[in-house]
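What follows is run24.pdb (PDB, N, CA and C atoms).
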```pdb
ATOM      1  N   MET A   1     137.065  70.309  48.375
ATOM      2  CA  MET A   1     135.776  70.951  48.433
ATOM      3  C   MET A   1     135.645  71.875  49.636
ATOM      4  N   VAL A   2     136.299  71.562  50.714
ATOM      5  CA  VAL A   2     136.150  72.374  51.912
ATOM      6  C   VAL A   2     137.280  73.385  52.083
ATOM      7  N   SER A   3     138.319  73.295  51.267
ATOM      8  CA  SER A   3     139.434  74.244  51.398
ATOM      9  C   SER A   3     139.153  75.502  50.574
ATOM     10  N   LYS A   4     139.978  76.530  50.824
ATOM     11  CA  LYS A   4     139.845  77.783  50.086
ATOM     12  C   LYS A   4     140.246  77.576  48.628
ATOM     13  N   PRO A   5     139.685  78.354  47.702
ATOM     14  CA  PRO A   5     140.095  78.220  46.297
ATOM     15  C   PRO A   5     141.543  78.686  46.107
ATOM     16  N   MET A   6     142.207  78.125  45.099
ATOM     17  CA  MET A   6     143.607  78.460  44.842
ATOM     18  C   MET A   6     143.744  79.743  44.034
ATOM     19  N   THR A   7     142.679  80.206  43.441
ATOM     20  CA  THR A   7     142.723  81.399  42.607
ATOM     21  C   THR A   7     142.144  82.600  43.356
ATOM     22  N   VAL A   8     142.436  83.796  42.840
ATOM     23  CA  VAL A   8     141.864  85.017  43.403
ATOM     24  C   VAL A   8     140.995  85.675  42.349
ATOM     25  N   LYS A   9     140.098  86.516  42.770
ATOM     26  CA  LYS A   9     139.196  87.202  41.843
ATOM     27  C   LYS A   9     139.836  88.507  41.377
ATOM     28  N   PHE A  10     140.815  88.365  40.478
ATOM     29  CA  PHE A  10     141.515  89.520  39.937
ATOM     30  C   PHE A  10     140.579  90.278  39.007
ATOM     31  N   PRO A  11     140.499  91.554  39.013
ATOM     32  CA  PRO A  11     141.285  92.599  39.656
ATOM     33  C   PRO A  11     140.728  93.042  41.002
ATOM     34  N   TYR A  12     139.702  92.368  41.497
ATOM     35  CA  TYR A  12     139.095  92.769  42.771
ATOM     36  C   TYR A  12     139.954  92.343  43.960
ATOM     37  N   GLU A  13     140.667  91.265  43.816
ATOM     38  CA  GLU A  13     141.583  90.787  44.848
ATOM     39  C   GLU A  13     142.978  90.701  44.245
ATOM     40  N   LYS A  14     143.977  90.980  45.057
ATOM     41  CA  LYS A  14     145.353  90.897  44.588
ATOM     42  C   LYS A  14     146.159  90.064  45.575
ATOM     43  N   LEU A  15     147.091  89.323  45.045
ATOM     44  CA  LEU A  15     148.017  88.596  45.901
ATOM     45  C   LEU A  15     149.094  89.563  46.381
ATOM     46  N   GLU A  16     149.550  89.384  47.570
ATOM     47  CA  GLU A  16     150.618  90.216  48.125
ATOM     48  C   GLU A  16     151.933  89.815  47.463
ATOM     49  N   THR A  17     152.708  90.805  46.994
ATOM     50  CA  THR A  17     153.995  90.503  46.364
ATOM     51  C   THR A  17     155.030  90.176  47.421
ATOM     52  N   ALA A  18     156.045  89.466  47.010
ATOM     53  CA  ALA A  18     157.130  89.089  47.913
ATOM     54  C   ALA A  18     157.889  90.334  48.362
ATOM     55  N   GLU A  19     158.524  90.249  49.495
ATOM     56  CA  GLU A  19     159.244  91.385  50.078
ATOM     57  C   GLU A  19     160.332  91.910  49.138
ATOM     58  N   ARG A  20     161.028  91.032  48.462
ATOM     59  CA  ARG A  20     162.146  91.424  47.613
ATOM     60  C   ARG A  20     161.785  91.453  46.128
ATOM     61  N   TYR A  21     160.512  91.582  45.801
ATOM     62  CA  TYR A  21     160.067  91.605  44.409
ATOM     63  C   TYR A  21     160.609  92.845  43.708
ATOM     64  N   ARG A  22     161.025  92.688  42.453
ATOM     65  CA  ARG A  22     161.566  93.795  41.664
ATOM     66  C   ARG A  22     160.641  94.067  40.494
ATOM     67  N   GLY A  23     160.034  95.241  40.494
ATOM     68  CA  GLY A  23     159.094  95.612  39.439
ATOM     69  C   GLY A  23     159.497  96.909  38.768
ATOM     70  N   GLU A  24     158.514  97.746  38.527
ATOM     71  CA  GLU A  24     158.693  99.005  37.806
ATOM     72  C   GLU A  24     159.727  99.926  38.479
ATOM     73  N   HIS A  25     160.447 100.678  37.660
ATOM     74  CA  HIS A  25     161.489 101.588  38.151
ATOM     75  C   HIS A  25     160.908 102.940  38.554
ATOM     76  N   VAL A  26     161.532 103.557  39.540
ATOM     77  CA  VAL A  26     161.247 104.937  39.933
ATOM     78  C   VAL A  26     162.585 105.665  39.901
ATOM     79  N   PHE A  27     162.611 106.822  39.247
ATOM     80  CA  PHE A  27     163.856 107.575  39.078
ATOM     81  C   PHE A  27     163.691 108.975  39.651
ATOM     82  N   ASP A  28     164.657 109.397  40.459
ATOM     83  CA  ASP A  28     164.662 110.743  41.041
ATOM     84  C   ASP A  28     165.754 111.547  40.335
ATOM     85  N   ILE A  29     165.354 112.425  39.437
ATOM     86  CA  ILE A  29     166.305 113.180  38.619
ATOM     87  C   ILE A  29     167.152 114.131  39.473
ATOM     88  N   ASP A  30     166.633 114.569  40.609
ATOM     89  CA  ASP A  30     167.382 115.490  41.466
ATOM     90  C   ASP A  30     168.517 114.795  42.215
ATOM     91  N   LYS A  31     168.433 113.489  42.414
ATOM     92  CA  LYS A  31     169.506 112.741  43.074
ATOM     93  C   LYS A  31     170.589 112.298  42.094
ATOM     94  N   CYS A  32     170.237 112.208  40.820
ATOM     95  CA  CYS A  32     171.145 111.672  39.806
ATOM     96  C   CYS A  32     172.328 112.617  39.570
ATOM     97  N   ILE A  33     173.542 112.028  39.502
ATOM     98  CA  ILE A  33     174.750 112.811  39.243
ATOM     99  C   ILE A  33     175.283 112.561  37.833
ATOM    100  N   SER A  34     174.523 111.848  37.006
ATOM    101  CA  SER A  34     174.868 111.575  35.607
ATOM    102  C   SER A  34     176.192 110.839  35.451
ATOM    103  N   CYS A  35     176.443 109.890  36.318
ATOM    104  CA  CYS A  35     177.695 109.139  36.253
ATOM    105  C   CYS A  35     177.676 108.072  35.165
ATOM    106  N   GLY A  36     176.482 107.566  34.790
ATOM    107  CA  GLY A  36     176.363 106.572  33.736
ATOM    108  C   GLY A  36     176.624 105.149  34.170
ATOM    109  N   VAL A  37     176.765 104.910  35.466
ATOM    110  CA  VAL A  37     177.013 103.556  35.962
ATOM    111  C   VAL A  37     175.845 102.639  35.633
ATOM    112  N   CYS A  38     174.641 103.145  35.749
ATOM    113  CA  CYS A  38     173.451 102.330  35.467
ATOM    114  C   CYS A  38     173.465 101.832  34.023
ATOM    115  N   GLU A  39     173.887 102.672  33.105
ATOM    116  CA  GLU A  39     173.950 102.281  31.695
ATOM    117  C   GLU A  39     175.014 101.207  31.475
ATOM    118  N   ARG A  40     176.161 101.370  32.093
ATOM    119  CA  ARG A  40     177.259 100.426  31.907
ATOM    120  C   ARG A  40     176.987  99.069  32.549
ATOM    121  N   VAL A  41     176.251  99.047  33.643
ATOM    122  CA  VAL A  41     176.040  97.804  34.372
ATOM    123  C   VAL A  41     174.831  97.016  33.859
ATOM    124  N   CYS A  42     173.977  97.618  33.058
ATOM    125  CA  CYS A  42     172.751  96.965  32.574
ATOM    126  C   CYS A  42     173.100  95.849  31.574
ATOM    127  N   PRO A  43     172.770  94.583  31.889
ATOM    128  CA  PRO A  43     173.139  93.482  30.998
ATOM    129  C   PRO A  43     172.337  93.452  29.694
ATOM    130  N   ASN A  44     171.140  93.999  29.669
ATOM    131  CA  ASN A  44     170.296  93.979  28.473
ATOM    132  C   ASN A  44     170.363  95.267  27.670
ATOM    133  N   LYS A  45     171.202  96.204  28.070
ATOM    134  CA  LYS A  45     171.304  97.507  27.409
ATOM    135  C   LYS A  45     169.945  98.206  27.360
ATOM    136  N   ALA A  46     169.197  98.097  28.464
ATOM    137  CA  ALA A  46     167.881  98.710  28.565
ATOM    138  C   ALA A  46     167.970 100.161  29.020
ATOM    139  N   ILE A  47     169.144 100.602  29.454
ATOM    140  CA  ILE A  47     169.337 101.970  29.929
ATOM    141  C   ILE A  47     170.276 102.702  28.990
ATOM    142  N   GLU A  48     169.856 103.897  28.615
ATOM    143  CA  GLU A  48     170.653 104.754  27.732
ATOM    144  C   GLU A  48     170.676 106.150  28.342
ATOM    145  N   MET A  49     171.827 106.778  28.380
ATOM    146  CA  MET A  49     171.949 108.123  28.922
ATOM    147  C   MET A  49     171.580 109.129  27.832
ATOM    148  N   VAL A  50     170.549 109.951  28.110
ATOM    149  CA  VAL A  50     170.064 110.956  27.149
ATOM    150  C   VAL A  50     169.855 112.283  27.869
ATOM    151  N   SER A  51     169.688 113.323  27.102
ATOM    152  CA  SER A  51     169.416 114.645  27.670
ATOM    153  C   SER A  51     167.978 114.712  28.173
ATOM    154  N   ALA A  52     167.756 115.496  29.215
ATOM    155  CA  ALA A  52     166.413 115.678  29.759
ATOM    156  C   ALA A  52     165.622 116.633  28.877
ATOM    157  N   LYS A  53     164.312 116.641  29.054
ATOM    158  CA  LYS A  53     163.455 117.558  28.282
ATOM    159  C   LYS A  53     163.769 119.008  28.610
ATOM    160  N   ASP A  54     163.916 119.314  29.901
ATOM    161  CA  ASP A  54     164.217 120.671  30.351
ATOM    162  C   ASP A  54     165.732 120.821  30.437
ATOM    163  N   LYS A  55     166.355 121.181  29.327
ATOM    164  CA  LYS A  55     167.814 121.241  29.253
ATOM    165  C   LYS A  55     168.410 122.395  30.040
ATOM    166  N   GLU A  56     167.627 123.425  30.311
ATOM    167  CA  GLU A  56     168.140 124.548  31.091
ATOM    168  C   GLU A  56     168.280 124.172  32.564
ATOM    169  N   LYS A  57     167.278 123.496  33.099
ATOM    170  CA  LYS A  57     167.307 123.109  34.512
ATOM    171  C   LYS A  57     168.146 121.859  34.737
ATOM    172  N   TYR A  58     168.115 120.925  33.780
ATOM    173  CA  TYR A  58     168.860 119.663  33.878
ATOM    174  C   TYR A  58     169.760 119.513  32.655
ATOM    175  N   PRO A  59     170.957 120.121  32.688
ATOM    176  CA  PRO A  59     171.812 120.152  31.497
ATOM    177  C   PRO A  59     172.578 118.853  31.215
ATOM    178  N   LYS A  60     172.646 117.939  32.168
ATOM    179  CA  LYS A  60     173.430 116.714  31.996
ATOM    180  C   LYS A  60     172.608 115.645  31.289
ATOM    181  N   LYS A  61     173.206 114.454  31.168
ATOM    182  CA  LYS A  61     172.506 113.309  30.588
ATOM    183  C   LYS A  61     171.994 112.417  31.721
ATOM    184  N   TYR A  62     170.808 111.873  31.510
ATOM    185  CA  TYR A  62     170.133 111.075  32.524
ATOM    186  C   TYR A  62     169.637 109.773  31.902
ATOM    187  N   PRO A  63     169.365 108.746  32.716
ATOM    188  CA  PRO A  63     168.978 107.449  32.156
ATOM    189  C   PRO A  63     167.577 107.425  31.556
ATOM    190  N   LYS A  64     167.488 106.848  30.368
ATOM    191  CA  LYS A  64     166.209 106.527  29.729
ATOM    192  C   LYS A  64     166.091 105.010  29.830
ATOM    193  N   ILE A  65     165.040 104.525  30.472
ATOM    194  CA  ILE A  65     164.898 103.098  30.744
ATOM    195  C   ILE A  65     163.799 102.512  29.867
ATOM    196  N   ASP A  66     164.133 101.440  29.158
ATOM    197  CA  ASP A  66     163.169 100.709  28.338
ATOM    198  C   ASP A  66     162.791  99.438  29.090
ATOM    199  N   LEU A  67     161.613  99.438  29.712
ATOM    200  CA  LEU A  67     161.182  98.284  30.497
ATOM    201  C   LEU A  67     160.854  97.080  29.625
ATOM    202  N   GLY A  68     160.692  97.289  28.325
ATOM    203  CA  GLY A  68     160.491  96.168  27.409
ATOM    204  C   GLY A  68     161.754  95.332  27.258
ATOM    205  N   LYS A  69     162.915  95.926  27.450
ATOM    206  CA  LYS A  69     164.201  95.229  27.371
ATOM    207  C   LYS A  69     164.704  94.790  28.747
ATOM    208  N   CYS A  70     164.198  95.388  29.790
ATOM    209  CA  CYS A  70     164.710  95.180  31.154
ATOM    210  C   CYS A  70     164.440  93.759  31.649
ATOM    211  N   CYS A  71     165.428  93.170  32.326
ATOM    212  CA  CYS A  71     165.248  91.843  32.932
ATOM    213  C   CYS A  71     165.020  91.954  34.444
ATOM    214  N   PHE A  72     164.912  93.178  34.960
ATOM    215  CA  PHE A  72     164.608  93.459  36.366
ATOM    216  C   PHE A  72     165.614  92.797  37.317
ATOM    217  N   CYS A  73     166.871  92.885  36.951
ATOM    218  CA  CYS A  73     167.943  92.320  37.771
ATOM    219  C   CYS A  73     168.304  93.222  38.943
ATOM    220  N   ALA A  74     167.930  94.490  38.891
ATOM    221  CA  ALA A  74     168.165  95.491  39.929
ATOM    222  C   ALA A  74     169.636  95.882  40.079
ATOM    223  N   LEU A  75     170.451  95.631  39.081
ATOM    224  CA  LEU A  75     171.845  96.072  39.150
ATOM    225  C   LEU A  75     171.943  97.591  39.097
ATOM    226  N   CYS A  76     171.048  98.228  38.354
ATOM    227  CA  CYS A  76     171.049  99.686  38.280
ATOM    228  C   CYS A  76     170.779 100.288  39.665
ATOM    229  N   GLN A  77     169.869  99.708  40.390
ATOM    230  CA  GLN A  77     169.566 100.172  41.751
ATOM    231  C   GLN A  77     170.730  99.899  42.690
ATOM    232  N   GLU A  78     171.338  98.740  42.555
ATOM    233  CA  GLU A  78     172.428  98.342  43.447
ATOM    234  C   GLU A  78     173.672  99.202  43.267
ATOM    235  N   PHE A  79     173.995  99.553  42.026
ATOM    236  CA  PHE A  79     175.225 100.283  41.756
ATOM    237  C   PHE A  79     175.069 101.794  41.705
ATOM    238  N   CYS A  80     173.853 102.308  41.755
ATOM    239  CA  CYS A  80     173.647 103.753  41.728
ATOM    240  C   CYS A  80     174.231 104.373  43.003
ATOM    241  N   PRO A  81     175.243 105.251  42.879
ATOM    242  CA  PRO A  81     175.903 105.779  44.078
ATOM    243  C   PRO A  81     175.023 106.702  44.922
ATOM    244  N   LYS A  82     174.011 107.312  44.332
ATOM    245  CA  LYS A  82     173.149 108.248  45.058
ATOM    246  C   LYS A  82     171.747 107.707  45.311
ATOM    247  N   GLY A  83     171.458 106.501  44.855
ATOM    248  CA  GLY A  83     170.131 105.929  45.058
ATOM    249  C   GLY A  83     169.051 106.596  44.238
ATOM    250  N   ALA A  84     169.384 107.031  43.038
ATOM    251  CA  ALA A  84     168.420 107.737  42.184
ATOM    252  C   ALA A  84     167.442 106.782  41.509
ATOM    253  N   ILE A  85     167.842 105.523  41.328
ATOM    254  CA  ILE A  85     166.963 104.529  40.696
ATOM    255  C   ILE A  85     166.545 103.516  41.755
ATOM    256  N   LYS A  86     165.260 103.293  41.847
ATOM    257  CA  LYS A  86     164.700 102.295  42.766
ATOM    258  C   LYS A  86     163.728 101.425  41.982
ATOM    259  N   LEU A  87     163.624 100.170  42.356
ATOM    260  CA  LEU A  87     162.641  99.279  41.768
ATOM    261  C   LEU A  87     161.496  99.108  42.758
ATOM    262  N   THR A  88     160.284  99.254  42.271
ATOM    263  CA  THR A  88     159.098  99.148  43.121
ATOM    264  C   THR A  88     158.516  97.739  43.028
ATOM    265  N   LYS A  89     157.416  97.531  43.715
ATOM    266  CA  LYS A  89     156.719  96.254  43.653
ATOM    267  C   LYS A  89     155.621  96.241  42.593
ATOM    268  N   ASN A  90     155.515  97.299  41.799
ATOM    269  CA  ASN A  90     154.472  97.379  40.784
ATOM    270  C   ASN A  90     154.777  96.424  39.634
ATOM    271  N   TYR A  91     153.905  95.457  39.420
ATOM    272  CA  TYR A  91     154.097  94.499  38.341
ATOM    273  C   TYR A  91     153.037  94.638  37.249
ATOM    274  N   PHE A  92     152.188  95.659  37.318
ATOM    275  CA  PHE A  92     151.170  95.893  36.300
ATOM    276  C   PHE A  92     151.769  96.704  35.157
ATOM    277  N   LEU A  93     152.485  96.044  34.271
ATOM    278  CA  LEU A  93     153.167  96.722  33.178
ATOM    279  C   LEU A  93     152.629  96.309  31.810
ATOM    280  N   ALA A  94     151.606  95.487  31.773
ATOM    281  CA  ALA A  94     151.051  95.030  30.495
ATOM    282  C   ALA A  94     150.429  96.204  29.742
ATOM    283  N   THR A  95     150.733  96.273  28.452
ATOM    284  CA  THR A  95     150.227  97.358  27.622
ATOM    285  C   THR A  95     150.235  96.935  26.158
ATOM    286  N   PHE A  96     149.414  97.571  25.350
ATOM    287  CA  PHE A  96     149.434  97.347  23.909
ATOM    288  C   PHE A  96     150.400  98.308  23.228
ATOM    289  N   ASP A  97     150.843  99.340  23.943
ATOM    290  CA  ASP A  97     151.715 100.370  23.394
ATOM    291  C   ASP A  97     153.098 100.242  24.020
ATOM    292  N   SER A  98     154.052  99.697  23.279
ATOM    293  CA  SER A  98     155.393  99.473  23.827
ATOM    294  C   SER A  98     156.120 100.777  24.152
ATOM    295  N   VAL A  99     155.709 101.876  23.540
ATOM    296  CA  VAL A  99     156.337 103.175  23.816
ATOM    297  C   VAL A  99     156.059 103.620  25.257
ATOM    298  N   SER A 100     154.951 103.191  25.824
ATOM    299  CA  SER A 100     154.631 103.575  27.198
ATOM    300  C   SER A 100     155.551 102.898  28.216
ATOM    301  N   LEU A 101     156.329 101.918  27.795
ATOM    302  CA  LEU A 101     157.289 101.257  28.687
ATOM    303  C   LEU A 101     158.668 101.895  28.631
ATOM    304  N   ILE A 102     158.818 102.953  27.857
ATOM    305  CA  ILE A 102     160.090 103.666  27.776
ATOM    306  C   ILE A 102     159.967 104.925  28.617
ATOM    307  N   TYR A 103     160.771 105.015  29.670
ATOM    308  CA  TYR A 103     160.730 106.162  30.570
ATOM    309  C   TYR A 103     161.865 107.107  30.235
ATOM    310  N   ILE A 104     161.514 108.323  29.828
ATOM    311  CA  ILE A 104     162.512 109.326  29.493
ATOM    312  C   ILE A 104     162.767 110.198  30.713
ATOM    313  N   PRO A 105     163.984 110.734  30.856
ATOM    314  CA  PRO A 105     164.284 111.552  32.026
ATOM    315  C   PRO A 105     163.494 112.857  32.031
ATOM    316  N   ASP A 106     162.782 113.069  33.099
ATOM    317  CA  ASP A 106     161.926 114.235  33.239
ATOM    318  C   ASP A 106     161.666 114.412  34.733
ATOM    319  N   LYS A 107     161.309 115.587  35.120
ATOM    320  CA  LYS A 107     160.995 115.851  36.522
ATOM    321  C   LYS A 107     159.833 114.975  36.990
ATOM    322  N   ASN A 108     158.857 114.743  36.121
ATOM    323  CA  ASN A 108     157.687 113.924  36.470
ATOM    324  C   ASN A 108     157.839 112.506  35.956
ATOM    325  N   TYR A 109     159.014 111.931  36.080
ATOM    326  CA  TYR A 109     159.363 110.597  35.584
ATOM    327  C   TYR A 109     158.390 109.555  36.074
ATOM    328  N   LYS A 110     158.396 109.282  37.340
ATOM    329  CA  LYS A 110     157.433 108.382  37.989
ATOM    330  C   LYS A 110     157.359 108.796  39.439
ATOM    331  N   GLU A 111     156.186 108.789  39.970
ATOM    332  CA  GLU A 111     155.984 109.129  41.374
ATOM    333  C   GLU A 111     156.080 107.862  42.205
ATOM    334  N   ASP A 112     156.716 107.945  43.347
ATOM    335  CA  ASP A 112     156.865 106.794  44.228
ATOM    336  C   ASP A 112     155.630 106.603  45.084
TER
END
```

Give the structure from this file in structure tokens form.
Amino acid sequence: MVSKPMTVKFPYEKLETAERYRGEHVFDIDKCISCGVCERVCPNKAIEMVSAKDKEKYPKKYPKIDLGKCCFCALCQEFCPKGAIKLTKNYFLATFDSVSLIYIPDKNYKED
């Protein structure tokens, strides 16, 4: 009765995520060298190398990430030689539209 409540008043209050939490991906298309390591190392086959929307500016193949398949193991981040893929602490990924969890390679992929 005299201690603090165990719950928080979500969405008005949020719990602080752990330092090493792995959430939503951020991809920098300008750092990517199209090596395909991220696709090969992904255990759930959540990454597929596809052409970018702007084929003139970005003629190579870049990773398309399906967060619905992703297990957030961070192997793609660990093995990326240029650091083009990073995992953020964002865990608000709930949606009714599964297509919104598929990130296609584009200049405006995700902002960090």

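Atom pair CA of Lys61 in chain A / CA of Gly36 in chain A has a distance of 8.4 Å (rounded to one decimal).
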
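Interatomic distance, CA of Gly23 in chain A to CA of Lys89 in chain A: 4.9 Å.
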
Selection result for the PyMOL selection byres (((chain A and resi 38 and name CA) around 8) and name CA) on this file, as an NGL selection string: :A and (36-37 or 39-42 or 47 or 63 or 75-77 or 79-80)

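Taking CA of Phe96 in chain A and CA of Asp66 in chain A as endpoints, the distance between them is 14.8 Å.
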
Residue with smallest distance to Ala46 in chain A - pool A:Cys71, A:Ala18, A:Ala94, A:Val99, counting only N, CA and C atoms: A:Cys71

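Among the candidates A:Cys32, A:Lys82, A:Ile104, A:Thr95, the one nearest to Ile65 in chain A when counting all atoms listed in the file is A:Ile104.
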
The PyMOL selection byres (((chain A and resi 72 and name CA) around 9) and name CA) resolved against shown file, as number ranges by chain: A: 22-25, 67, 70-71, 73-75, 87

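In terms of minimum interatomic distance to Ala84 in chain A, A:Lys31 ranks closest within A:Lys45, A:Lys53, A:Lys31, A:Lys60, counting only C-alpha atoms.
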
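Ranking A:Thr88, A:Ser34, A:Met49, A:Tyr62 by their shortest atom-to-atom distance to Tyr21 in chain A, with only N, CA and C atoms included, puts A:Thr88 first.
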
Given all atoms listed in the file as the counted atoms, nearest of A:Val26, A:Cys35, A:Ala52, A:Leu101 to Lys86 in chain A: A:Val26

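DSSP, applied to the backbone of this structure, assigns alpha helix (DSSP H) to the following residues of range 34-68 of chain A: Val37, Cys38, Glu39, Arg40 and Val41 of chain A.
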
Output file for the selection above: N, CA and C atoms, as a compact mmCIF listing (two decimals), keeping the file's coordinate frame:
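Output (part37.txt):
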```
# COMPACT_ATOMS: atom_id res chain seq x y z
N VAL A 37 176.76 104.91 35.47
CA VAL A 37 177.01 103.56 35.96
C VAL A 37 175.84 102.64 35.63
N CYS A 38 174.64 103.14 35.75
CA CYS A 38 173.45 102.33 35.47
C CYS A 38 173.46 101.83 34.02
N GLU A 39 173.89 102.67 33.10
CA GLU A 39 173.95 102.28 31.70
C GLU A 39 175.01 101.21 31.48
N ARG A 40 176.16 101.37 32.09
CA ARG A 40 177.26 100.43 31.91
C ARG A 40 176.99 99.07 32.55
N VAL A 41 176.25 99.05 33.64
CA VAL A 41 176.04 97.80 34.37
C VAL A 41 174.83 97.02 33.86
```
